[in-house]
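This is work00.txt (compact mmCIF, N, CA and C atoms).
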# COMPACT_ATOMS: atom_id res chain seq x y z
N MET A 5 136.06 36.53 169.14
CA MET A 5 136.41 37.67 168.38
C MET A 5 136.63 38.85 169.30
N SER A 6 137.59 39.47 168.97
CA SER A 6 137.95 40.58 169.84
C SER A 6 137.34 41.87 169.32
N LEU A 7 137.48 42.84 170.11
CA LEU A 7 136.92 44.14 169.77
C LEU A 7 137.57 44.68 168.50
N ALA A 8 138.79 44.46 168.31
CA ALA A 8 139.48 44.91 167.11
C ALA A 8 138.98 44.16 165.90
N GLY A 9 138.69 42.88 166.06
CA GLY A 9 138.18 42.09 164.93
C GLY A 9 136.80 42.55 164.53
N ILE A 10 135.95 42.81 165.55
CA ILE A 10 134.59 43.28 165.26
C ILE A 10 134.67 44.65 164.57
N SER A 11 135.56 45.48 165.03
CA SER A 11 135.72 46.81 164.44
C SER A 11 136.15 46.69 162.99
N LEU A 12 137.07 45.76 162.74
CA LEU A 12 137.51 45.56 161.37
C LEU A 12 136.39 45.03 160.49
N LEU A 13 135.57 44.13 161.05
CA LEU A 13 134.43 43.57 160.32
C LEU A 13 133.43 44.67 159.98
N ILE A 14 133.14 45.54 160.95
CA ILE A 14 132.20 46.65 160.71
C ILE A 14 132.78 47.59 159.66
N ILE A 15 134.06 47.86 159.74
CA ILE A 15 134.70 48.74 158.77
C ILE A 15 134.65 48.11 157.38
N ALA A 16 134.88 46.80 157.29
CA ALA A 16 134.85 46.09 156.02
C ALA A 16 133.44 46.14 155.43
N ILE A 17 132.41 45.92 156.27
CA ILE A 17 131.02 45.95 155.79
C ILE A 17 130.67 47.37 155.34
N ALA A 18 131.09 48.37 156.13
CA ALA A 18 130.82 49.76 155.76
C ALA A 18 131.51 50.10 154.44
N PHE A 19 132.75 49.63 154.31
CA PHE A 19 133.48 49.86 153.07
C PHE A 19 132.78 49.19 151.89
N ALA A 20 132.23 47.98 152.10
CA ALA A 20 131.51 47.25 151.05
C ALA A 20 130.26 48.04 150.65
N PHE A 21 129.51 48.56 151.65
CA PHE A 21 128.31 49.36 151.33
C PHE A 21 128.69 50.63 150.56
N ILE A 22 129.75 51.25 151.01
CA ILE A 22 130.20 52.46 150.31
C ILE A 22 130.60 52.12 148.89
N ALA A 23 131.31 51.01 148.71
CA ALA A 23 131.73 50.58 147.38
C ALA A 23 130.52 50.30 146.51
N ILE A 24 129.50 49.63 147.09
CA ILE A 24 128.28 49.32 146.32
C ILE A 24 127.58 50.62 145.91
N PHE A 25 127.42 51.58 146.82
CA PHE A 25 126.76 52.84 146.49
C PHE A 25 127.56 53.66 145.48
N VAL A 26 128.90 53.59 145.59
CA VAL A 26 129.74 54.29 144.62
C VAL A 26 129.55 53.67 143.24
N VAL A 27 129.48 52.35 143.16
CA VAL A 27 129.28 51.65 141.89
C VAL A 27 127.93 52.03 141.31
N LYS A 28 126.86 52.03 142.16
CA LYS A 28 125.52 52.40 141.68
C LYS A 28 125.52 53.86 141.18
N THR A 29 126.19 54.72 141.94
CA THR A 29 126.25 56.13 141.55
C THR A 29 127.00 56.28 140.23
N LEU A 30 128.10 55.56 140.08
CA LEU A 30 128.86 55.63 138.84
C LEU A 30 128.06 55.06 137.67
N LYS A 31 127.28 53.98 137.91
CA LYS A 31 126.43 53.41 136.85
C LYS A 31 125.35 54.43 136.45
N ALA A 32 124.75 55.10 137.45
CA ALA A 32 123.74 56.12 137.16
C ALA A 32 124.36 57.28 136.39
N ALA A 33 125.57 57.69 136.81
CA ALA A 33 126.25 58.76 136.11
C ALA A 33 126.59 58.34 134.69
N SER A 34 126.99 57.07 134.52
CA SER A 34 127.30 56.56 133.18
C SER A 34 126.05 56.57 132.31
N SER A 35 124.94 56.14 132.90
CA SER A 35 123.67 56.14 132.16
C SER A 35 123.28 57.57 131.77
N THR A 36 123.44 58.50 132.71
CA THR A 36 123.12 59.90 132.43
C THR A 36 124.04 60.45 131.35
N MET A 37 125.32 60.12 131.43
CA MET A 37 126.27 60.59 130.41
C MET A 37 125.93 60.01 129.04
N THR A 38 125.50 58.75 128.98
CA THR A 38 125.10 58.15 127.71
C THR A 38 123.89 58.88 127.15
N SER A 39 122.93 59.18 128.02
CA SER A 39 121.73 59.92 127.59
C SER A 39 122.11 61.31 127.10
N VAL A 40 123.01 61.99 127.82
CA VAL A 40 123.45 63.32 127.40
C VAL A 40 124.18 63.23 126.07
N SER A 41 125.00 62.20 125.90
CA SER A 41 125.73 62.02 124.65
C SER A 41 124.77 61.82 123.48
N GLN A 42 123.74 60.99 123.69
CA GLN A 42 122.75 60.76 122.63
C GLN A 42 122.00 62.05 122.31
N THR A 43 121.64 62.80 123.34
CA THR A 43 120.93 64.07 123.13
C THR A 43 121.81 65.04 122.35
N LEU A 44 123.09 65.11 122.71
CA LEU A 44 124.00 66.00 122.01
C LEU A 44 124.18 65.58 120.56
N GLU A 45 124.20 64.28 120.29
CA GLU A 45 124.30 63.81 118.91
C GLU A 45 123.07 64.24 118.10
N LYS A 46 121.89 64.14 118.73
CA LYS A 46 120.66 64.58 118.05
C LYS A 46 120.71 66.09 117.79
N VAL A 47 121.16 66.83 118.79
CA VAL A 47 121.26 68.29 118.65
C VAL A 47 122.25 68.63 117.55
N GLU A 48 123.37 67.89 117.51
CA GLU A 48 124.38 68.14 116.48
C GLU A 48 123.79 67.87 115.09
N GLY A 49 123.03 66.79 114.95
CA GLY A 49 122.38 66.49 113.67
C GLY A 49 121.40 67.58 113.27
N GLN A 50 120.62 68.05 114.24
CA GLN A 50 119.67 69.13 113.95
C GLN A 50 120.41 70.41 113.59
N MET A 51 121.50 70.68 114.28
CA MET A 51 122.29 71.88 113.98
C MET A 51 122.87 71.81 112.57
N GLN A 52 123.29 70.63 112.16
CA GLN A 52 123.81 70.48 110.79
C GLN A 52 122.70 70.75 109.78
N GLY A 53 121.49 70.22 110.06
CA GLY A 53 120.36 70.49 109.19
C GLY A 53 120.03 71.97 109.14
N ILE A 54 120.03 72.62 110.30
CA ILE A 54 119.74 74.06 110.35
C ILE A 54 120.83 74.84 109.63
N THR A 55 122.08 74.42 109.82
CA THR A 55 123.19 75.11 109.15
C THR A 55 123.06 75.00 107.64
N THR A 56 122.74 73.80 107.15
CA THR A 56 122.57 73.59 105.71
C THR A 56 121.42 74.44 105.18
N GLU A 57 120.33 74.44 105.91
CA GLU A 57 119.16 75.22 105.49
C GLU A 57 119.47 76.72 105.53
N SER A 58 120.20 77.16 106.56
CA SER A 58 120.57 78.57 106.67
C SER A 58 121.48 78.98 105.52
N GLU A 59 122.43 78.12 105.18
CA GLU A 59 123.31 78.42 104.05
C GLU A 59 122.52 78.54 102.76
N SER A 60 121.56 77.63 102.58
CA SER A 60 120.72 77.67 101.38
C SER A 60 119.91 78.96 101.33
N LEU A 61 119.32 79.32 102.47
CA LEU A 61 118.55 80.57 102.52
C LEU A 61 119.43 81.79 102.28
N LEU A 62 120.65 81.76 102.81
CA LEU A 62 121.56 82.87 102.60
C LEU A 62 121.94 83.00 101.13
N LYS A 63 122.18 81.87 100.47
CA LYS A 63 122.50 81.91 99.03
C LYS A 63 121.32 82.46 98.24
N LYS A 64 120.11 82.01 98.58
CA LYS A 64 118.92 82.50 97.87
C LYS A 64 118.74 84.00 98.11
N THR A 65 118.97 84.43 99.34
CA THR A 65 118.83 85.85 99.68
C THR A 65 119.85 86.67 98.90
N ASN A 66 121.08 86.20 98.82
CA ASN A 66 122.11 86.91 98.06
C ASN A 66 121.75 86.96 96.58
N HIS A 67 121.19 85.87 96.06
CA HIS A 67 120.78 85.84 94.65
C HIS A 67 119.65 86.85 94.40
N ILE A 68 118.69 86.87 95.31
CA ILE A 68 117.57 87.82 95.17
C ILE A 68 118.08 89.25 95.26
N ALA A 69 118.99 89.51 96.20
CA ALA A 69 119.54 90.86 96.35
C ALA A 69 120.29 91.27 95.08
N SER A 70 121.04 90.35 94.52
CA SER A 70 121.77 90.63 93.28
C SER A 70 120.79 90.91 92.14
N ASP A 71 119.73 90.12 92.07
CA ASP A 71 118.72 90.30 91.03
C ASP A 71 118.04 91.67 91.18
N ILE A 72 117.71 92.02 92.41
CA ILE A 72 117.07 93.32 92.65
C ILE A 72 118.01 94.45 92.28
N GLU A 73 119.29 94.30 92.60
CA GLU A 73 120.26 95.33 92.26
C GLU A 73 120.36 95.51 90.74
N THR A 74 120.38 94.38 90.01
CA THR A 74 120.45 94.44 88.55
C THR A 74 119.21 95.13 87.99
N LYS A 75 118.06 94.76 88.50
CA LYS A 75 116.81 95.35 88.01
C LYS A 75 116.73 96.83 88.37
N THR A 76 117.24 97.18 89.53
CA THR A 76 117.24 98.59 89.94
C THR A 76 118.13 99.41 89.01
N LYS A 77 119.28 98.86 88.65
CA LYS A 77 120.16 99.57 87.73
C LYS A 77 119.48 99.74 86.37
N THR A 78 118.72 98.74 85.94
CA THR A 78 117.98 98.84 84.69
C THR A 78 116.94 99.95 84.79
N LEU A 79 116.28 100.03 85.94
CA LEU A 79 115.26 101.05 86.13
C LEU A 79 115.87 102.45 86.22
N ASP A 80 117.13 102.54 86.66
CA ASP A 80 117.79 103.85 86.72
C ASP A 80 117.84 104.50 85.34
N GLY A 81 118.18 103.69 84.32
CA GLY A 81 118.20 104.22 82.95
C GLY A 81 116.82 104.68 82.51
N LEU A 82 115.82 103.89 82.87
CA LEU A 82 114.45 104.26 82.51
C LEU A 82 114.04 105.55 83.21
N MET A 83 114.41 105.68 84.48
CA MET A 83 114.07 106.90 85.21
C MET A 83 114.77 108.12 84.62
N ASP A 84 116.02 107.94 84.20
CA ASP A 84 116.73 109.05 83.54
C ASP A 84 116.02 109.44 82.24
N ALA A 85 115.61 108.42 81.48
CA ALA A 85 114.90 108.70 80.22
C ALA A 85 113.59 109.42 80.50
N LEU A 86 112.85 108.98 81.53
CA LEU A 86 111.59 109.64 81.87
C LEU A 86 111.84 111.07 82.35
N SER A 87 112.91 111.27 83.05
CA SER A 87 113.25 112.63 83.48
C SER A 87 113.53 113.51 82.28
N ASN A 88 114.26 112.97 81.31
CA ASN A 88 114.54 113.74 80.08
C ASN A 88 113.26 114.03 79.32
N VAL A 89 112.35 113.05 79.27
CA VAL A 89 111.06 113.27 78.60
C VAL A 89 110.30 114.39 79.30
N GLY A 90 110.31 114.36 80.64
CA GLY A 90 109.64 115.42 81.40
C GLY A 90 110.22 116.78 81.11
N THR A 91 111.53 116.88 81.04
CA THR A 91 112.19 118.15 80.72
C THR A 91 111.81 118.62 79.32
N THR A 92 111.83 117.67 78.37
CA THR A 92 111.47 118.00 76.99
C THR A 92 110.03 118.49 76.90
N VAL A 93 109.13 117.80 77.60
CA VAL A 93 107.72 118.22 77.59
C VAL A 93 107.59 119.63 78.19
N GLY A 94 108.37 119.91 79.22
CA GLY A 94 108.35 121.25 79.81
C GLY A 94 108.79 122.30 78.81
N HIS A 95 109.87 122.00 78.06
CA HIS A 95 110.34 122.95 77.04
C HIS A 95 109.29 123.14 75.94
N VAL A 96 108.66 122.04 75.54
CA VAL A 96 107.61 122.13 74.50
C VAL A 96 106.47 122.99 75.02
N ASN A 97 106.08 122.80 76.26
CA ASN A 97 105.00 123.60 76.84
C ASN A 97 105.37 125.09 76.86
N GLN A 98 106.62 125.37 77.23
CA GLN A 98 107.06 126.76 77.24
C GLN A 98 107.01 127.35 75.83
N SER A 99 107.45 126.56 74.84
CA SER A 99 107.42 127.04 73.45
C SER A 99 105.99 127.29 73.00
N ILE A 100 105.11 126.37 73.31
CA ILE A 100 103.70 126.52 72.92
C ILE A 100 103.10 127.74 73.61
N GLN A 101 103.43 127.95 74.86
CA GLN A 101 102.92 129.11 75.57
C GLN A 101 103.42 130.40 74.93
N GLY A 102 104.71 130.41 74.53
CA GLY A 102 105.26 131.60 73.86
C GLY A 102 104.56 131.87 72.54
N VAL A 103 104.34 130.81 71.78
CA VAL A 103 103.64 130.97 70.49
C VAL A 103 102.21 131.46 70.73
N SER A 104 101.56 130.89 71.73
CA SER A 104 100.20 131.28 72.05
C SER A 104 100.13 132.76 72.44
N GLU A 105 101.09 133.18 73.25
CA GLU A 105 101.12 134.59 73.64
C GLU A 105 101.39 135.49 72.43
N SER A 106 102.27 135.06 71.54
CA SER A 106 102.56 135.85 70.33
C SER A 106 101.31 135.96 69.46
N VAL A 107 100.62 134.84 69.29
CA VAL A 107 99.40 134.84 68.47
C VAL A 107 98.34 135.75 69.11
N ALA A 108 98.20 135.66 70.44
CA ALA A 108 97.21 136.49 71.12
C ALA A 108 97.55 137.97 70.96
N HIS A 109 98.84 138.31 71.08
CA HIS A 109 99.26 139.70 70.94
C HIS A 109 99.02 140.19 69.51
N ALA A 110 99.41 139.38 68.54
CA ALA A 110 99.21 139.76 67.13
C ALA A 110 97.71 139.89 66.83
N SER A 111 96.93 138.99 67.38
CA SER A 111 95.48 139.04 67.16
C SER A 111 94.90 140.31 67.75
N HIS A 112 95.37 140.68 68.91
CA HIS A 112 94.88 141.89 69.56
C HIS A 112 95.24 143.13 68.72
N GLU A 113 96.48 143.16 68.22
CA GLU A 113 96.88 144.28 67.38
C GLU A 113 96.04 144.34 66.11
N ARG A 114 95.79 143.20 65.51
CA ARG A 114 94.98 143.18 64.28
C ARG A 114 93.54 143.58 64.57
N ASP A 115 93.03 143.16 65.75
CA ASP A 115 91.68 143.57 66.11
C ASP A 115 91.58 145.09 66.17
N GLU A 116 92.60 145.71 66.76
CA GLU A 116 92.59 147.17 66.83
C GLU A 116 92.63 147.79 65.43
N LYS A 117 93.46 147.22 64.55
CA LYS A 117 93.55 147.75 63.18
C LYS A 117 92.24 147.56 62.43
N VAL A 118 91.62 146.37 62.63
CA VAL A 118 90.34 146.11 61.96
C VAL A 118 89.29 147.08 62.48
N THR A 119 89.29 147.33 63.79
CA THR A 119 88.32 148.26 64.37
C THR A 119 88.52 149.66 63.78
N LYS A 120 89.77 150.10 63.68
CA LYS A 120 90.05 151.42 63.09
C LYS A 120 89.61 151.45 61.63
N ALA A 121 89.88 150.36 60.92
CA ALA A 121 89.49 150.32 59.50
C ALA A 121 87.98 150.39 59.37
N LEU A 122 87.27 149.66 60.25
CA LEU A 122 85.80 149.72 60.19
C LEU A 122 85.29 151.13 60.50
N ARG A 123 85.89 151.79 61.47
CA ARG A 123 85.47 153.16 61.79
C ARG A 123 85.72 154.09 60.60
N TRP A 124 86.91 153.94 59.99
CA TRP A 124 87.21 154.77 58.82
C TRP A 124 86.24 154.45 57.68
N GLY A 125 85.92 153.15 57.57
CA GLY A 125 84.96 152.76 56.52
C GLY A 125 83.59 153.35 56.78
N ASP A 126 83.13 153.30 58.04
CA ASP A 126 81.84 153.89 58.39
C ASP A 126 81.86 155.40 58.13
N ALA A 127 82.95 156.03 58.52
CA ALA A 127 83.07 157.48 58.31
C ALA A 127 83.05 157.79 56.82
N ALA A 128 83.74 156.99 56.02
CA ALA A 128 83.77 157.21 54.57
C ALA A 128 82.38 157.02 53.98
N ILE A 129 81.66 156.00 54.43
CA ILE A 129 80.31 155.76 53.91
C ILE A 129 79.39 156.91 54.28
N GLU A 130 79.49 157.40 55.52
CA GLU A 130 78.68 158.53 55.93
C GLU A 130 78.97 159.77 55.09
N LEU A 131 80.24 160.01 54.85
CA LEU A 131 80.61 161.16 54.03
C LEU A 131 80.07 161.00 52.61
N TYR A 132 80.19 159.80 52.07
CA TYR A 132 79.70 159.54 50.73
C TYR A 132 78.18 159.76 50.67
N LEU A 133 77.47 159.23 51.70
CA LEU A 133 76.02 159.38 51.72
C LEU A 133 75.63 160.86 51.86
N LYS A 134 76.34 161.61 52.70
CA LYS A 134 76.06 163.05 52.84
C LYS A 134 76.33 163.77 51.52
N TRP A 135 77.43 163.44 50.89
CA TRP A 135 77.76 164.08 49.63
C TRP A 135 76.71 163.77 48.57
N LYS A 136 76.25 162.51 48.58
CA LYS A 136 75.24 162.09 47.61
C LYS A 136 73.92 162.80 47.89
N ARG A 137 73.55 162.99 49.13
CA ARG A 137 72.32 163.68 49.47
C ARG A 137 72.38 165.16 49.07
N LYS A 138 73.51 165.73 49.27
CA LYS A 138 73.68 167.13 48.88
C LYS A 138 73.61 167.27 47.38
N LYS A 139 74.14 166.33 46.71
CA LYS A 139 74.15 166.35 45.27
C LYS A 139 72.72 166.15 44.72
N VAL A 140 71.98 165.37 45.31
CA VAL A 140 70.62 165.08 44.89
C VAL A 140 69.71 166.28 45.21
N GLN A 141 69.91 166.99 46.15
CA GLN A 141 69.07 168.10 46.52
C GLN A 141 69.35 169.23 45.64
Go ahead and render the structure in this file as structure tokens.
Amino acid sequence: MSLAGISLLIIAIAFAFIAIFVVKTLKAASSTMTSVSQTLEKVEGQMQGITTESESLLKKTNHIASDIETKTKTLDGLMDALSNVGTTVGHVNQSIQGVSESVAHASHERDEKVTKALRWGDAAIELYLKWKRKKVQ
């Protein structure tokens, strides 16, 4: 065997080793890609479940928000009615206060008249008693 033949044999063996390592590397890469593919399929399934659950929660949230809005609108009418009741009660209180002040003023005026009448009555009784005493003497 000549030097060229030995060189070719070494090159052939080296090429065979390289081919074997490339095949092993490709098999490992294939195995890794299969594992990644399976993992992605699981993730995709979980994402579909999460998406379905999220859609369900979003629908429930929208329903609750709509329900709250409806109930709030119902309460708006009640609040308006309560506001009107408050205004009416305020007017009634003002009216009662006016009547109370009128009664107090009229009562005060009558008290003065009654006091004057009592004084005149006392004066009349004193005059009558003096006149009667003079008459008796």
Give the padded box for range 48-56 of chain A as JSON: axis-aligned, covering all atoms listed in the file, 5 Å on each side, centre and edge lengths in Å to one decimal.
{"center_x": 122.0, "center_y": 70.8, "center_z": 111.3, "size_x": 14.7, "size_y": 18.6, "size_z": 22.3}
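Atom to atom, CA of Ile17 in chain A and atom C of Ala33 in chain A stand 24.9 Å apart.
Computed from the coordinates, the atom C of Leu79 in chain A to atom C of Leu61 in chain A distance equals 26.4 Å.
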Problem set entry | For atom C of Ala110 in chain A and atom N of Thr92 in chain A, the interatomic separation in Å (one decimal) | 28.7 Å
